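I have placed the structure first, in the form of structure tokens, so that the comments after it can refer back to it.
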Amino acid sequence: VSRSARDVQVWWAGLDHAPDLMDEIERERHAALRREFDRRRFAIGSALLRITAGAELGRDPRSIELDRTCPTCGRPHGKPRIGDGGDLEASVSHSGQRVAVALARGAPLGVDVEELATGLDHAALARSVLAGTEHAADIETFLAYWTCKEAVLKATGDGLRVPLTRLTIADPMHGPRLVSWDGRPALANAVALYRLDPGLGYLAALAVLDPAPRAIHQLDAAPLLAAF
Ligand SMILES: CC(C)(COP(=O)(O)OP(=O)(O)OC[C@H]1O[C@@H](n2cnc3c(N)ncnc32)[C@H](O)[C@@H]1OP(=O)(O)O)[C@@H](O)C(=O)NCCC(=O)NCCS
């Protein structure tokens, strides 16, 4: 799919077909998930990551090794790294009926999708998500902030260990930018943010640790998954 090394692929999947391309470690995590819904999303994320990375690297998806070792605790629930993937970087996100896998060369990236859940008390959550200068009048704007911040923290690999309130985002709905990161000032100039189109009822964002604009290609993963 990539026409140039600067292209970024974002693959979107629903939950109807969940091929099993998991390794032993993943199968253990899969079995430990209580809800069938969570198991499906996890299996699809794992399959889609192997299929798309395999296509990019010209290898059989089943031969793609994924290392998700968490730097904090050593358990396999961290940012996925592709074995022998060279400069290929990946990120996975799932929410509701959506699974996203993003791939890029030469720059770490993070993708985050969130379902627009009715009943989410965004005003109450704002305190732990928004920085002092940020304001979300509605739930869409709130989730636009949230997805941008989580995408950045997934790109750096920090995840939610860093409080979301340390990051300040400008124009989260239309032209998101990381304005500042309290404690890591150099990051603001090193990240590019993009809004994605996950479809009605969802918000999603992509962060790439490359300040120069890249071409983002959003693609339907259904035909890829159907082949397995
Ligand atoms: C990463 C994190 C932000 C994901 O949040 P989420 O909105 O619930 O879930 P998403 O579906 O968007 O993302 C999940 C994916 O993020 C990836 N991921 C996990 N930790 C990550 C990290 N530190 N950086 C980047 N990506 C990460 C995984 O690929 C995971 O997919 P998988 O469950 O299929 O393996 C959150 O789980 C987190 O901060 N985890 C690290 C902190 C932690 O759990 N510490 C306690 C134990 S040490």
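Letters A, B, ... go to the chains of the structure tokens in the order shown; residues in each chain start at 1; ligands are counted from 1 in the same order.
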
Near ligand 1, 6 Å: chain A residue rows, closest pairs, only C-alpha atoms and all ligand atoms, as a Markdown table:
```
| residue | atom | partner | partner_atom_place_in_ligand_line | distance |
| --- | --- | --- | --- | --- |
| A:Phe42 | CA | ligand 1 | 34 (O) | 4.6 |
| A:Gly45 | CA | ligand 1 | 34 (O) | 5.5 |
| A:Thr72 | CA | ligand 1 | 48 (S) | 5.0 |
| A:Cys73 | CA | ligand 1 | 48 (S) | 4.8 |
| A:His77 | CA | ligand 1 | 35 (O) | 5.4 |
| A:Gly78 | CA | ligand 1 | 20 (N) | 3.5 |
| A:Lys79 | CA | ligand 1 | 27 (C) | 3.5 |
| A:Pro80 | CA | ligand 1 | 29 (O) | 5.2 |
| A:Ser91 | CA | ligand 1 | 29 (O) | 5.9 |
| A:Val92 | CA | ligand 1 | 29 (O) | 4.7 |
| A:Ser93 | CA | ligand 1 | 11 (O) | 3.6 |
| A:His94 | CA | ligand 1 | 11 (O) | 3.8 |
| A:Ser95 | CA | ligand 1 | 11 (O) | 6.0 |
| A:Asp112 | CA | ligand 1 | 12 (O) | 4.8 |
| A:Glu150 | CA | ligand 1 | 3 (C) | 5.9 |
| A:Lys154 | CA | ligand 1 | 25 (C) | 3.5 |
| A:Ala155 | CA | ligand 1 | 25 (C) | 5.9 |
| A:Gly157 | CA | ligand 1 | 24 (N) | 3.4 |
| A:Asp158 | CA | ligand 1 | 23 (N) | 4.7 |
| A:Gly159 | CA | ligand 1 | 39 (O) | 3.4 |
| A:Leu160 | CA | ligand 1 | 39 (O) | 3.3 |
| A:Arg161 | CA | ligand 1 | 42 (C) | 5.3 |
```

Can you list, as number ranges by chain, every protein, DNA or RNA residue that comes within 9 Å of range 23-34 of chain A when you count only C-alpha atoms, leaving out same-chain residues fewer than 4 positions away?
A: 38-40, 42-43, 46, 62, 65-66, 76-77

Pairwise distance for CA of Asp138 in chain A and CA of Leu116 in chain A, rounded to one decimal in Å
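So the two atoms, CA of Asp138 in chain A and CA of Leu116 in chain A, lie 11.0 Å apart.
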
Might you pull out every residue within 7 Å of Val208 in chain A, with only C-alpha atoms counted and same-chain residues fewer than 3 positions away left off, and present them as a ChimeraX atom specification?
/A:107-110,155,191-193

Dump N, CA, C and O atoms for the selected residues as a PDB file, in the first residue's frame?
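This is the output file part_29.pdb:
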```pdb
ATOM      1  N   ALA A 107       9.352   6.504  12.142  1.00  0.00           N
ATOM      2  CA  ALA A 107       8.869   7.389  13.209  1.00  0.00           C
ATOM      3  C   ALA A 107       7.863   6.639  14.074  1.00  0.00           C
ATOM      4  O   ALA A 107       6.897   6.082  13.544  1.00  0.00           O
ATOM      5  N   PRO A 108       8.065   6.629  15.395  1.00  0.00           N
ATOM      6  CA  PRO A 108       7.061   6.034  16.274  1.00  0.00           C
ATOM      7  C   PRO A 108       5.732   6.755  16.108  1.00  0.00           C
ATOM      8  O   PRO A 108       5.697   7.959  15.827  1.00  0.00           O
ATOM      9  N   LEU A 109       4.632   6.018  16.265  1.00  0.00           N
ATOM     10  CA  LEU A 109       3.324   6.640  16.119  1.00  0.00           C
ATOM     11  C   LEU A 109       2.341   6.041  17.121  1.00  0.00           C
ATOM     12  O   LEU A 109       2.599   4.991  17.708  1.00  0.00           O
ATOM     13  N   GLY A 110       1.257   6.775  17.344  1.00  0.00           N
ATOM     14  CA  GLY A 110       0.233   6.307  18.263  1.00  0.00           C
ATOM     15  C   GLY A 110      -1.130   6.607  17.683  1.00  0.00           C
ATOM     16  O   GLY A 110      -1.365   7.690  17.157  1.00  0.00           O
ATOM     17  N   ALA A 155       2.352   7.168  21.122  1.00  0.00           N
ATOM     18  CA  ALA A 155       3.506   7.317  20.223  1.00  0.00           C
ATOM     19  C   ALA A 155       4.816   7.301  21.022  1.00  0.00           C
ATOM     20  O   ALA A 155       5.784   6.663  20.624  1.00  0.00           O
ATOM     21  N   VAL A 191       6.172  16.437  17.376  1.00  0.00           N
ATOM     22  CA  VAL A 191       4.984  15.608  17.128  1.00  0.00           C
ATOM     23  C   VAL A 191       4.056  16.257  16.108  1.00  0.00           C
ATOM     24  O   VAL A 191       3.805  17.454  16.187  1.00  0.00           O
ATOM     25  N   ALA A 192       3.545  15.469  15.180  1.00  0.00           N
ATOM     26  CA  ALA A 192       2.454  15.943  14.312  1.00  0.00           C
ATOM     27  C   ALA A 192       1.198  15.162  14.662  1.00  0.00           C
ATOM     28  O   ALA A 192       1.247  13.944  14.873  1.00  0.00           O
ATOM     29  N   LEU A 193       0.063  15.885  14.754  1.00  0.00           N
ATOM     30  CA  LEU A 193      -1.217  15.259  15.090  1.00  0.00           C
ATOM     31  C   LEU A 193      -2.161  15.329  13.895  1.00  0.00           C
ATOM     32  O   LEU A 193      -2.162  16.301  13.142  1.00  0.00           O
TER      33      LEU A 193
END
```

CA of Pro176 in chain A to CA of Ala102 in chain A measures 18.0 Å

Using only C-alpha atoms, which of A:Ala137, A:Ala222, A:Ala188, A:Ile64 sits nearest Ala18 in chain A?
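Of all the options, A:Ala222 lies closest to Ala18 in chain A.
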
Considering only helix (DSSP H, G or I) as DSSP defines it on the backbone, what residues of range 139-217 of chain A qualify? List them as a VMD selection string.
chain A and resid 139 to 156 159 to 161 164 to 166 185 to 189

With N, CA, C and O atoms retained, write the just-selected residues as a short mmCIF file (atom, residue, chain, number, x, y, z; two decimals), in the first residue's frame.
```cif
data_model
loop_
_atom_site.label_atom_id
_atom_site.label_comp_id
_atom_site.auth_asym_id
_atom_site.auth_seq_id
_atom_site.Cartn_x
_atom_site.Cartn_y
_atom_site.Cartn_z
N ILE A 139 -19.24 16.79 24.49
CA ILE A 139 -18.53 15.52 24.61
C ILE A 139 -17.61 15.25 23.41
O ILE A 139 -16.54 14.66 23.54
N GLU A 140 -18.02 15.72 22.21
CA GLU A 140 -17.17 15.53 21.03
C GLU A 140 -15.84 16.24 21.22
O GLU A 140 -14.77 15.66 20.95
N THR A 141 -15.89 17.48 21.67
CA THR A 141 -14.65 18.24 21.86
C THR A 141 -13.81 17.59 22.95
O THR A 141 -12.59 17.48 22.83
N PHE A 142 -14.47 17.14 24.01
CA PHE A 142 -13.75 16.47 25.09
C PHE A 142 -13.01 15.23 24.57
O PHE A 142 -11.82 15.05 24.83
N LEU A 143 -13.71 14.40 23.78
CA LEU A 143 -13.06 13.20 23.25
C LEU A 143 -12.02 13.53 22.19
O LEU A 143 -11.08 12.76 21.97
N ALA A 144 -12.18 14.68 21.53
CA ALA A 144 -11.15 15.11 20.58
C ALA A 144 -9.86 15.40 21.33
O ALA A 144 -8.77 14.97 20.93
N TYR A 145 -9.96 16.10 22.47
CA TYR A 145 -8.78 16.32 23.32
C TYR A 145 -8.20 14.98 23.78
O TYR A 145 -7.00 14.74 23.69
N TRP A 146 -9.07 14.16 24.32
CA TRP A 146 -8.67 12.88 24.91
C TRP A 146 -7.89 12.02 23.89
O TRP A 146 -6.81 11.50 24.18
N THR A 147 -8.48 11.86 22.67
CA THR A 147 -7.83 11.00 21.68
C THR A 147 -6.49 11.57 21.23
O THR A 147 -5.54 10.82 21.04
N CYS A 148 -6.40 12.90 21.10
CA CYS A 148 -5.11 13.51 20.72
C CYS A 148 -4.06 13.22 21.78
O CYS A 148 -2.93 12.84 21.47
N LYS A 149 -4.42 13.38 23.04
CA LYS A 149 -3.45 13.20 24.12
C LYS A 149 -3.03 11.74 24.23
O LYS A 149 -1.85 11.42 24.38
N GLU A 150 -4.01 10.85 24.14
CA GLU A 150 -3.67 9.43 24.23
C GLU A 150 -2.82 9.00 23.04
O GLU A 150 -1.90 8.19 23.18
N ALA A 151 -3.11 9.53 21.86
CA ALA A 151 -2.31 9.19 20.68
C ALA A 151 -0.86 9.61 20.89
O ALA A 151 0.07 8.85 20.59
N VAL A 152 -0.65 10.79 21.45
CA VAL A 152 0.72 11.26 21.71
C VAL A 152 1.41 10.33 22.71
O VAL A 152 2.55 9.90 22.50
N LEU A 153 0.71 9.99 23.79
CA LEU A 153 1.32 9.16 24.84
C LEU A 153 1.53 7.72 24.37
O LEU A 153 2.38 7.02 24.90
N LYS A 154 0.77 7.28 23.36
CA LYS A 154 1.02 5.97 22.78
C LYS A 154 2.19 6.03 21.81
O LYS A 154 2.96 5.08 21.69
N ALA A 155 2.35 7.17 21.12
CA ALA A 155 3.51 7.32 20.22
C ALA A 155 4.82 7.30 21.02
O ALA A 155 5.78 6.66 20.62
N THR A 156 4.83 7.98 22.14
CA THR A 156 6.07 8.01 22.95
C THR A 156 6.24 6.73 23.75
O THR A 156 7.34 6.46 24.25
N GLY A 159 2.05 5.93 27.55
CA GLY A 159 0.71 5.52 27.94
C GLY A 159 0.20 6.39 29.07
O GLY A 159 0.70 7.50 29.31
N LEU A 160 -0.77 5.86 29.80
CA LEU A 160 -1.43 6.69 30.82
C LEU A 160 -0.63 6.85 32.10
O LEU A 160 -1.14 7.37 33.09
N ARG A 161 0.65 6.42 32.08
CA ARG A 161 1.52 6.71 33.23
C ARG A 161 1.75 8.21 33.36
O ARG A 161 2.05 8.71 34.44
N LEU A 164 -2.73 13.08 31.63
CA LEU A 164 -3.15 13.75 30.40
C LEU A 164 -3.14 15.27 30.55
O LEU A 164 -3.00 16.00 29.56
N THR A 165 -3.28 15.75 31.78
CA THR A 165 -3.32 17.19 32.02
C THR A 165 -1.97 17.87 31.73
O THR A 165 -1.92 19.09 31.60
N ARG A 166 -0.89 17.10 31.61
CA ARG A 166 0.42 17.71 31.31
C ARG A 166 0.54 18.16 29.86
O ARG A 166 1.41 18.94 29.51
N PRO A 185 9.55 19.90 27.24
CA PRO A 185 9.28 20.98 26.28
C PRO A 185 9.67 20.64 24.84
O PRO A 185 9.04 21.14 23.90
N ALA A 186 10.68 19.78 24.64
CA ALA A 186 11.13 19.51 23.27
C ALA A 186 10.09 18.73 22.46
O ALA A 186 10.09 18.79 21.22
N LEU A 187 9.19 18.03 23.14
CA LEU A 187 8.24 17.17 22.44
C LEU A 187 7.27 17.95 21.56
O LEU A 187 6.84 17.47 20.51
N ALA A 188 6.90 19.17 22.00
CA ALA A 188 5.87 19.92 21.26
C ALA A 188 6.28 20.12 19.81
O ALA A 188 5.43 20.09 18.91
N ASN A 189 7.57 20.31 19.56
CA ASN A 189 8.01 20.54 18.19
C ASN A 189 8.34 19.24 17.45
O ASN A 189 8.78 19.28 16.31
#
```

Please, what distance in Å, to one decimal, runs between CA of Leu48 in chain A and CA of Val113 in chain A?
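Here the two named atoms are 15.7 Å from each other.
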
Name the closest residue to Ala100 in chain A among the candidates A:Pro213, A:Pro223, A:Pro198, A:Gly183; distances are taken between atoms, counting only C-alpha atoms.
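Among A:Pro213, A:Pro223, A:Pro198, A:Gly183, it is A:Pro198 that comes nearest to Ala100 in chain A.
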
Could you pull out the residues in range 9-227 of chain A that DSSP calls strand (DSSP E or B) from the backbone, as JSON, numbers by chain?
{"A": [9, 10, 11, 12, 13, 66, 67, 81, 82, 88, 89, 90, 91, 92, 93, 94, 95, 98, 99, 100, 101, 102, 103, 104, 105, 109, 110, 111, 112, 113, 114, 115, 167, 168, 169, 170, 177, 178, 179, 180, 181, 192, 193, 194, 195, 202, 203, 204, 205, 206, 207, 208, 216, 217, 218, 219, 220]}

Nearby residues (only C-alpha atoms) at most 10 Å from Asp7 in chain A, same-chain spacing under 2 positions excluded, as a count of residues only
15

In terms of the shortest atom-to-atom distance over only C-alpha atoms, which of A:Leu196, A:Val101, A:Leu88, A:Leu224 is closest to Trp12 in chain A?
A:Val101

Pick from A:Ser63, A:Gln97, A:Gln218, A:Ser128 nearest to Pro163 in chain A, counting only C-alpha atoms
A:Ser128

Let me make sure I understand: among A:Arg127, A:Ile44, A:Val111, A:Pro61, which one has the smallest atom-to-atom distance to Asp197 in chain A if we use only C-alpha atoms?
A:Val111

Considering only C-alpha atoms, can you say which of A:Leu219, A:Arg98, A:Thr118, A:Leu167 comes closest to Leu130 in chain A?
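Among the listed residues, the smallest separation from Leu130 in chain A belongs to A:Leu167.
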